[in-house]
Amino acid sequence: MTCHTPGIPAAAARRRTVSRVALSRYVFCYGMLLVPTAFFLIFRVIPIVQTLRLSVFSWDLISRVKPYVGLENFRTLLADANFQLALSNTTAFAAMTVAASVVLALLVALPLARRLRFEGAYQLIYFLPFITPTVPEAVVWKWIYDARYGVLNYLLSLLGIPPVGWLLEPRTTLWAVIIMSVWKTLGYNMVLFIIGLRAIPAEYTEAGLIDGATGWRFFRSLTLPLLMPTVLLVTVISTIGAYNVFTQVYIMAADIQGSPGSVVRVLIYDIFENAFRYYRMGYASAEATVFFAIVLALTLVQFRVLRSRT
């Protein structure tokens with residue numbers, strides 16, 4: 001006597017249907033990922049590999065023969081005064097810009113995270129410089145800093161302060177570019193901090209208030225520890241962006257003869273000049289390799305230091 005259990009064939013059919021639907025979803029998802037993955041490989045990974053390869057050759061755009069020189073480009077690089085100056089200026093710029101932009105963005109985000117009236121207008125005012133193209137912004141700031149006709153010197157003259165050549169000396173030019181860069185990135189960091197502050201569970205806030213934590217104690221003991229993942233994200237993104245500074249310097253730091261970016265030399269400008277002005281592609285690739293190693297090392301250090309506090 002054979003027993004037939006009703007429903008088993010139907011259940012098997014449903015499982016096959018579900019498996020086909022799941023398979024079609026996987027195929028669709030991975031198919032959609034192929035295009036961005038291909039673009040990432042073509043425009044990111046392959047150029048990085050090609051840069052690493054060029055760094056060990058004496059490569060230019062003119063000579064047909066491009067000999068292998070091993071680590072000679074790196075040895076020359078470490079003794080290059082221009083590279084040392086560019087590295088020093090870039091490090092100082094990054095340290096000042098990251099510290100100022102992170103602290104100021106957090107101070108601005110704290111009241112805006114409480115859903116104030118007209119908060120959308122405030123966020124727009126702060127965020128607008130970030131989405132505006134850097135070139136016109138740098139041109140406007142160059143006019144503001146102008147030694148003879150600039151708005152800044154005019155305001156200082158009202159206080160009896162003599163005009164300052166903001167973009168004529170390396171030290172003052174560096175500070176001028178730092179101020180402009182902090183102003184530009186402040187809104188983006190502010191938005192990230194607002195999202196992080198609003199993600200803090202209300203239960204923790206209520207518990208802290210019940211325990212009597214207010215003001216600075218409340219911020220130091222409760223808000224800041226819970227906000228450390230956002231602080232890590234903002235710090236890493238700001239550091240990478242600061243080390244990649246180029247447009248502001250190229251436009252604002254022109255010398256008296258009008259040569260772009262020559263008052264303050266930074267790493268990206270030094271790489272650009274060696275590659276496209278002197279056609280030393282191999283040497284510029286060695287610079288880019290060292291630059292990549294420095295940014296990677298700083299990122300890993302930040303992850304190690306700040307993540308230990310989360």
# chains A, B, ... in the order shown; residues from 1 in each chain; ligands from 1

call {"tool": "closest_atom_pairs", "arguments": {"of": "stretch 158-248 of chain A", "to": "stretch 273-290 of chain A", "cutoff": "12 Å", "atoms": "only C-alpha atoms", "output": "Markdown table"}}
result
| residue | atom | partner | partner_atom | distance |
| --- | --- | --- | --- | --- |
| A:Tyr243 | CA | A:Ala288 | CA | 11.7 |
| A:Asn244 | CA | A:Ala288 | CA | 10.9 |
| A:Phe246 | CA | A:Glu273 | CA | 11.5 |

call {"tool": "residues_around", "arguments": {"residues": "stretch 166-181 of chain A", "least_positions_apart": "5", "cutoff": "6 Å", "atoms": "only C-alpha atoms", "output": "ChimeraX atom specification"}}
result
/A:97,145,263-264

call {"tool": "write_last_selection", "arguments": {"atoms": "C-alpha atoms", "output": "compact mmCIF listing (two decimals), in the first residue's frame"}}
result
# COMPACT_ATOMS: atom_id res chain seq x y z
CA THR A 97 42.67 72.46 8.24
CA TYR A 145 42.74 88.84 -0.01
CA VAL A 263 54.22 81.01 -3.62
CA VAL A 264 53.16 77.95 -1.58

call {"tool": "residues_around", "arguments": {"residues": "A:Thr247", "least_positions_apart": "5", "cutoff": "12 Å", "atoms": "only C-alpha atoms", "output": "JSON, numbers by chain"}}
result
{"A": [133, 134, 135, 136, 137, 138, 139, 177, 180, 181, 241, 242, 252, 253, 254, 260, 261, 266, 268, 269, 272]}

call {"tool": "atom_distance", "arguments": {"atom1": "atom CA of A:Tyr68", "atom2": "atom CA of A:Val49"}}
result
16.3 Å

call {"tool": "closest_residue", "arguments": {"among": "A:Val164, A:Val236, A:Ala95, A:Glu119", "to": "A:Asp146", "atoms": "only C-alpha atoms"}}
result
A:Val164

call {"tool": "residues_around", "arguments": {"residues": "stretch 78-87 of chain A", "least_positions_apart": "3", "cutoff": "8 Å", "atoms": "only C-alpha atoms", "output": "number ranges by chain"}}
result
A: 74-75, 90-91, 264-267, 270

call {"tool": "closest_residue", "arguments": {"among": "A:Val56, A:Ala109, A:Ala94, A:Ala207", "to": "A:Leu227", "atoms": "only C-alpha atoms"}}
result
A:Ala109

call {"tool": "closest_residue", "arguments": {"among": "A:Leu41, A:Leu77, A:Tyr149, A:Gly165", "to": "A:Ser55", "atoms": "only C-alpha atoms"}}
result
A:Leu77

call {"tool": "residues_around", "arguments": {"residues": "A:Val305", "least_positions_apart": "5", "cutoff": "12 Å", "atoms": "only C-alpha atoms", "output": "PDB file with C-alpha atoms, in the first residue's frame"}}
result
ATOM      1  CA  MET A 228      33.509  58.841  18.127  1.00  0.00           C
ATOM      2  CA  PRO A 229      32.646  56.721  15.031  1.00  0.00           C
ATOM      3  CA  VAL A 231      34.564  61.779  14.524  1.00  0.00           C
ATOM      4  CA  LEU A 232      36.711  59.013  13.025  1.00  0.00           C
ATOM      5  CA  THR A 235      38.765  63.067  10.503  1.00  0.00           C
ATOM      6  CA  VAL A 236      39.796  60.455   7.931  1.00  0.00           C
ATOM      7  CA  LEU A 298      48.033  58.469   8.438  1.00  0.00           C
ATOM      8  CA  THR A 299      44.656  56.833   7.798  1.00  0.00           C
ATOM      9  CA  LEU A 300      45.711  53.611   9.536  1.00  0.00           C
ATOM     10  CA  THR A 310      34.875  54.195  20.576  1.00  0.00           C
TER      11      THR A 310
END

call {"tool": "residues_around", "arguments": {"residues": "A:Pro201", "least_positions_apart": "4", "cutoff": "12 Å", "atoms": "only C-alpha atoms", "output": "JSON, numbers by chain"}}
result
{"A": [196, 197, 205, 206, 207, 208, 222, 223, 226, 227]}

call {"tool": "write_last_selection", "arguments": {"atoms": "C-alpha atoms", "output": "mmCIF file, in the first residue's frame"}}
result
data_model
loop_
_atom_site.group_PDB
_atom_site.id
_atom_site.type_symbol
_atom_site.label_atom_id
_atom_site.label_comp_id
_atom_site.auth_asym_id
_atom_site.auth_seq_id
_atom_site.Cartn_x
_atom_site.Cartn_y
_atom_site.Cartn_z
ATOM 1 C CA GLY A 196 25.805 61.282 14.110
ATOM 2 C CA LEU A 197 24.289 63.377 16.910
ATOM 3 C CA THR A 205 20.495 61.112 26.782
ATOM 4 C CA GLU A 206 17.698 60.664 29.295
ATOM 5 C CA ALA A 207 19.888 58.454 31.496
ATOM 6 C CA GLY A 208 22.645 61.060 31.466
ATOM 7 C CA LEU A 222 28.161 60.845 26.996
ATOM 8 C CA THR A 223 27.922 62.688 23.678
ATOM 9 C CA LEU A 226 28.972 57.898 21.366
ATOM 10 C CA LEU A 227 29.986 60.256 18.560
#

call {"tool": "select_by_dssp", "arguments": {"residues": "stretch 78-297 of chain A", "states": "alpha helix (DSSP H)", "output": "PDB file with C-alpha atoms, in the first residue's frame"}}
result
ATOM      1  CA  LEU A  78      64.312  62.216  -0.599  1.00  0.00           C
ATOM      2  CA  ALA A  81      64.462  70.439  -1.506  1.00  0.00           C
ATOM      3  CA  ASN A  82      61.253  71.166  -3.419  1.00  0.00           C
ATOM      4  CA  PHE A  83      59.715  67.871  -2.326  1.00  0.00           C
ATOM      5  CA  GLN A  84      60.708  68.446   1.291  1.00  0.00           C
ATOM      6  CA  LEU A  85      59.175  71.933   1.196  1.00  0.00           C
ATOM      7  CA  ALA A  86      56.010  70.618  -0.455  1.00  0.00           C
ATOM      8  CA  LEU A  87      55.696  67.842   2.137  1.00  0.00           C
ATOM      9  CA  SER A  88      56.207  70.310   4.990  1.00  0.00           C
ATOM     10  CA  ASN A  89      53.646  72.781   3.617  1.00  0.00           C
ATOM     11  CA  THR A  90      51.096  70.054   2.900  1.00  0.00           C
ATOM     12  CA  THR A  91      51.467  68.528   6.365  1.00  0.00           C
ATOM     13  CA  ALA A  92      51.076  71.919   8.051  1.00  0.00           C
ATOM     14  CA  PHE A  93      48.074  72.717   5.859  1.00  0.00           C
ATOM     15  CA  ALA A  94      46.439  69.351   6.575  1.00  0.00           C
ATOM     16  CA  ALA A  95      47.013  69.546  10.337  1.00  0.00           C
ATOM     17  CA  MET A  96      45.559  73.056  10.635  1.00  0.00           C
ATOM     18  CA  THR A  97      42.667  72.463   8.235  1.00  0.00           C
ATOM     19  CA  VAL A  98      41.576  69.129   9.717  1.00  0.00           C
ATOM     20  CA  ALA A  99      41.761  70.347  13.316  1.00  0.00           C
ATOM     21  CA  ALA A 100      39.870  73.575  12.598  1.00  0.00           C
ATOM     22  CA  SER A 101      37.234  72.065  10.306  1.00  0.00           C
ATOM     23  CA  VAL A 102      36.445  69.153  12.645  1.00  0.00           C
ATOM     24  CA  VAL A 103      36.201  71.277  15.809  1.00  0.00           C
ATOM     25  CA  LEU A 104      34.229  74.114  14.202  1.00  0.00           C
ATOM     26  CA  ALA A 105      31.881  71.708  12.410  1.00  0.00           C
ATOM     27  CA  LEU A 106      31.123  69.952  15.691  1.00  0.00           C
ATOM     28  CA  LEU A 107      30.454  73.262  17.443  1.00  0.00           C
ATOM     29  CA  VAL A 108      28.065  74.301  14.681  1.00  0.00           C
ATOM     30  CA  ALA A 109      26.362  70.889  14.559  1.00  0.00           C
ATOM     31  CA  LEU A 110      25.580  70.721  18.292  1.00  0.00           C
ATOM     32  CA  PRO A 111      22.830  73.397  18.267  1.00  0.00           C
ATOM     33  CA  LEU A 112      21.569  72.483  14.776  1.00  0.00           C
ATOM     34  CA  GLU A 119      17.478  74.717  10.602  1.00  0.00           C
ATOM     35  CA  GLY A 120      17.183  73.914   6.894  1.00  0.00           C
ATOM     36  CA  ALA A 121      18.194  77.460   6.001  1.00  0.00           C
ATOM     37  CA  TYR A 122      21.152  77.318   8.381  1.00  0.00           C
ATOM     38  CA  GLN A 123      22.323  74.000   6.956  1.00  0.00           C
ATOM     39  CA  LEU A 124      21.999  75.358   3.410  1.00  0.00           C
ATOM     40  CA  ILE A 125      24.101  78.412   4.263  1.00  0.00           C
ATOM     41  CA  TYR A 126      26.876  76.253   5.712  1.00  0.00           C
ATOM     42  CA  PHE A 127      26.666  73.504   3.079  1.00  0.00           C
ATOM     43  CA  LEU A 128      26.518  75.745  -0.005  1.00  0.00           C
ATOM     44  CA  PRO A 129      30.296  76.442  -0.135  1.00  0.00           C
ATOM     45  CA  PHE A 130      31.002  72.694  -0.239  1.00  0.00           C
ATOM     46  CA  ILE A 131      28.910  72.053  -3.362  1.00  0.00           C
ATOM     47  CA  THR A 134      36.343  75.405  -6.044  1.00  0.00           C
ATOM     48  CA  VAL A 135      37.677  77.499  -8.944  1.00  0.00           C
ATOM     49  CA  PRO A 136      35.176  80.396  -8.707  1.00  0.00           C
ATOM     50  CA  GLU A 137      35.410  80.272  -4.921  1.00  0.00           C
ATOM     51  CA  ALA A 138      39.192  80.563  -5.075  1.00  0.00           C
ATOM     52  CA  VAL A 139      38.898  83.506  -7.493  1.00  0.00           C
ATOM     53  CA  VAL A 140      36.515  85.291  -5.097  1.00  0.00           C
ATOM     54  CA  TRP A 141      38.775  84.631  -2.115  1.00  0.00           C
ATOM     55  CA  LYS A 142      41.767  85.860  -4.110  1.00  0.00           C
ATOM     56  CA  TRP A 143      39.921  89.133  -4.601  1.00  0.00           C
ATOM     57  CA  ILE A 144      39.052  89.258  -0.893  1.00  0.00           C
ATOM     58  CA  VAL A 151      37.669  93.531   1.189  1.00  0.00           C
ATOM     59  CA  LEU A 152      39.703  92.074   4.046  1.00  0.00           C
ATOM     60  CA  ASN A 153      42.320  94.814   3.989  1.00  0.00           C
ATOM     61  CA  TYR A 154      39.556  97.411   3.718  1.00  0.00           C
ATOM     62  CA  LEU A 155      37.940  96.071   6.885  1.00  0.00           C
ATOM     63  CA  LEU A 156      41.317  96.048   8.627  1.00  0.00           C
ATOM     64  CA  SER A 157      41.903  99.657   7.580  1.00  0.00           C
ATOM     65  CA  LEU A 158      38.746 100.642   9.467  1.00  0.00           C
ATOM     66  CA  PRO A 170      54.489  81.941   1.754  1.00  0.00           C
ATOM     67  CA  ARG A 171      53.500  82.104   5.431  1.00  0.00           C
ATOM     68  CA  THR A 172      50.512  84.408   5.019  1.00  0.00           C
ATOM     69  CA  THR A 173      49.461  82.659   1.799  1.00  0.00           C
ATOM     70  CA  LEU A 174      49.384  79.311   3.579  1.00  0.00           C
ATOM     71  CA  TRP A 175      47.133  80.741   6.284  1.00  0.00           C
ATOM     72  CA  ALA A 176      44.913  82.359   3.657  1.00  0.00           C
ATOM     73  CA  VAL A 177      44.445  79.032   1.876  1.00  0.00           C
ATOM     74  CA  ILE A 178      43.773  77.288   5.217  1.00  0.00           C
ATOM     75  CA  ILE A 179      40.999  79.757   6.081  1.00  0.00           C
ATOM     76  CA  MET A 180      39.411  79.354   2.661  1.00  0.00           C
ATOM     77  CA  SER A 181      39.591  75.542   2.855  1.00  0.00           C
ATOM     78  CA  VAL A 182      38.071  75.392   6.349  1.00  0.00           C
ATOM     79  CA  TRP A 183      35.226  77.632   5.153  1.00  0.00           C
ATOM     80  CA  LYS A 184      34.613  75.289   2.207  1.00  0.00           C
ATOM     81  CA  THR A 185      34.619  71.973   4.082  1.00  0.00           C
ATOM     82  CA  LEU A 186      32.835  73.150   7.230  1.00  0.00           C
ATOM     83  CA  GLY A 187      29.335  72.454   5.904  1.00  0.00           C
ATOM     84  CA  TYR A 188      30.043  68.883   4.833  1.00  0.00           C
ATOM     85  CA  ASN A 189      31.569  67.960   8.187  1.00  0.00           C
ATOM     86  CA  MET A 190      28.679  69.698   9.936  1.00  0.00           C
ATOM     87  CA  VAL A 191      26.097  67.546   8.121  1.00  0.00           C
ATOM     88  CA  LEU A 192      27.946  64.361   9.087  1.00  0.00           C
ATOM     89  CA  PHE A 193      28.066  65.440  12.731  1.00  0.00           C
ATOM     90  CA  ILE A 194      24.356  66.315  12.717  1.00  0.00           C
ATOM     91  CA  ILE A 195      23.565  62.819  11.440  1.00  0.00           C
ATOM     92  CA  GLY A 196      25.805  61.282  14.110  1.00  0.00           C
ATOM     93  CA  LEU A 197      24.289  63.377  16.910  1.00  0.00           C
ATOM     94  CA  ARG A 198      20.736  62.533  15.899  1.00  0.00           C
ATOM     95  CA  ALA A 202      17.312  59.081  23.355  1.00  0.00           C
ATOM     96  CA  GLU A 203      17.582  56.553  26.211  1.00  0.00           C
ATOM     97  CA  TYR A 204      21.270  57.407  26.736  1.00  0.00           C
ATOM     98  CA  THR A 205      20.495  61.112  26.782  1.00  0.00           C
ATOM     99  CA  GLU A 206      17.698  60.664  29.295  1.00  0.00           C
ATOM    100  CA  ALA A 207      19.888  58.454  31.496  1.00  0.00           C
ATOM    101  CA  GLY A 208      22.645  61.060  31.466  1.00  0.00           C
ATOM    102  CA  LEU A 209      20.255  63.829  32.432  1.00  0.00           C
ATOM    103  CA  ILE A 210      18.826  61.711  35.254  1.00  0.00           C
ATOM    104  CA  GLY A 215      26.950  71.029  30.005  1.00  0.00           C
ATOM    105  CA  TRP A 216      30.569  70.095  29.378  1.00  0.00           C
ATOM    106  CA  ARG A 217      30.352  67.003  31.606  1.00  0.00           C
ATOM    107  CA  PHE A 218      27.390  65.707  29.606  1.00  0.00           C
ATOM    108  CA  LEU A 224      31.564  62.542  22.592  1.00  0.00           C
ATOM    109  CA  PRO A 225      32.144  58.812  23.286  1.00  0.00           C
ATOM    110  CA  LEU A 226      28.972  57.898  21.366  1.00  0.00           C
ATOM    111  CA  LEU A 227      29.986  60.256  18.560  1.00  0.00           C
ATOM    112  CA  MET A 228      33.509  58.841  18.127  1.00  0.00           C
ATOM    113  CA  PRO A 229      32.646  56.721  15.031  1.00  0.00           C
ATOM    114  CA  THR A 230      31.483  59.915  13.309  1.00  0.00           C
ATOM    115  CA  VAL A 231      34.564  61.779  14.524  1.00  0.00           C
ATOM    116  CA  LEU A 232      36.711  59.013  13.025  1.00  0.00           C
ATOM    117  CA  LEU A 233      34.881  59.215   9.687  1.00  0.00           C
ATOM    118  CA  VAL A 234      35.086  63.015   9.496  1.00  0.00           C
ATOM    119  CA  THR A 235      38.765  63.067  10.503  1.00  0.00           C
ATOM    120  CA  VAL A 236      39.796  60.455   7.931  1.00  0.00           C
ATOM    121  CA  ILE A 237      37.825  62.089   5.110  1.00  0.00           C
ATOM    122  CA  SER A 238      39.140  65.550   6.026  1.00  0.00           C
ATOM    123  CA  THR A 239      42.747  64.330   6.194  1.00  0.00           C
ATOM    124  CA  ILE A 240      42.582  62.685   2.779  1.00  0.00           C
ATOM    125  CA  GLY A 241      40.963  65.785   1.284  1.00  0.00           C
ATOM    126  CA  ALA A 242      43.466  68.143   2.913  1.00  0.00           C
ATOM    127  CA  TYR A 243      46.478  66.222   1.598  1.00  0.00           C
ATOM    128  CA  THR A 247      42.992  73.972  -6.816  1.00  0.00           C
ATOM    129  CA  GLN A 248      43.090  76.627  -4.089  1.00  0.00           C
ATOM    130  CA  VAL A 249      46.867  76.771  -4.157  1.00  0.00           C
ATOM    131  CA  TYR A 250      47.066  76.743  -7.943  1.00  0.00           C
ATOM    132  CA  ILE A 251      44.741  79.748  -8.271  1.00  0.00           C
ATOM    133  CA  MET A 252      45.432  81.788  -5.150  1.00  0.00           C
ATOM    134  CA  LEU A 267      52.618  67.896  -2.859  1.00  0.00           C
ATOM    135  CA  ILE A 268      49.963  67.695  -5.562  1.00  0.00           C
ATOM    136  CA  TYR A 269      51.280  70.834  -7.238  1.00  0.00           C
ATOM    137  CA  ASP A 270      54.841  69.469  -7.102  1.00  0.00           C
ATOM    138  CA  ILE A 271      53.660  66.218  -8.725  1.00  0.00           C
ATOM    139  CA  PHE A 272      51.715  68.178 -11.343  1.00  0.00           C
ATOM    140  CA  GLU A 273      54.697  70.396 -12.167  1.00  0.00           C
ATOM    141  CA  ASN A 274      57.176  67.529 -12.515  1.00  0.00           C
ATOM    142  CA  ALA A 275      54.769  65.508 -14.649  1.00  0.00           C
ATOM    143  CA  PHE A 276      53.269  68.093 -17.000  1.00  0.00           C
ATOM    144  CA  MET A 281      56.625  61.146 -15.400  1.00  0.00           C
ATOM    145  CA  GLY A 282      58.738  58.539 -13.622  1.00  0.00           C
ATOM    146  CA  TYR A 283      59.865  61.003 -10.969  1.00  0.00           C
ATOM    147  CA  ALA A 284      56.316  62.338 -10.523  1.00  0.00           C
ATOM    148  CA  SER A 285      55.076  58.750 -10.177  1.00  0.00           C
ATOM    149  CA  ALA A 286      57.630  58.174  -7.405  1.00  0.00           C
ATOM    150  CA  GLU A 287      56.291  61.288  -5.678  1.00  0.00           C
ATOM    151  CA  ALA A 288      52.736  60.021  -6.070  1.00  0.00           C
ATOM    152  CA  THR A 289      53.753  56.649  -4.610  1.00  0.00           C
ATOM    153  CA  VAL A 290      55.305  58.278  -1.533  1.00  0.00           C
ATOM    154  CA  PHE A 291      52.251  60.530  -1.245  1.00  0.00           C
ATOM    155  CA  PHE A 292      49.960  57.475  -1.332  1.00  0.00           C
ATOM    156  CA  ALA A 293      52.049  55.728   1.341  1.00  0.00           C
ATOM    157  CA  ILE A 294      51.924  58.792   3.623  1.00  0.00           C
ATOM    158  CA  VAL A 295      48.139  59.190   3.355  1.00  0.00           C
ATOM    159  CA  LEU A 296      47.619  55.443   3.868  1.00  0.00           C
ATOM    160  CA  ALA A 297      49.833  55.450   6.967  1.00  0.00           C
TER     161      ALA A 297
END

call {"tool": "atom_distance", "arguments": {"atom1": "atom CA of A:Phe57", "atom2": "atom CA of A:Gly70"}}
result
6.7 Å

call {"tool": "atom_distance", "arguments": {"atom1": "atom CA of A:Leu116", "atom2": "atom CA of A:Ile200"}}
result
17.4 Å
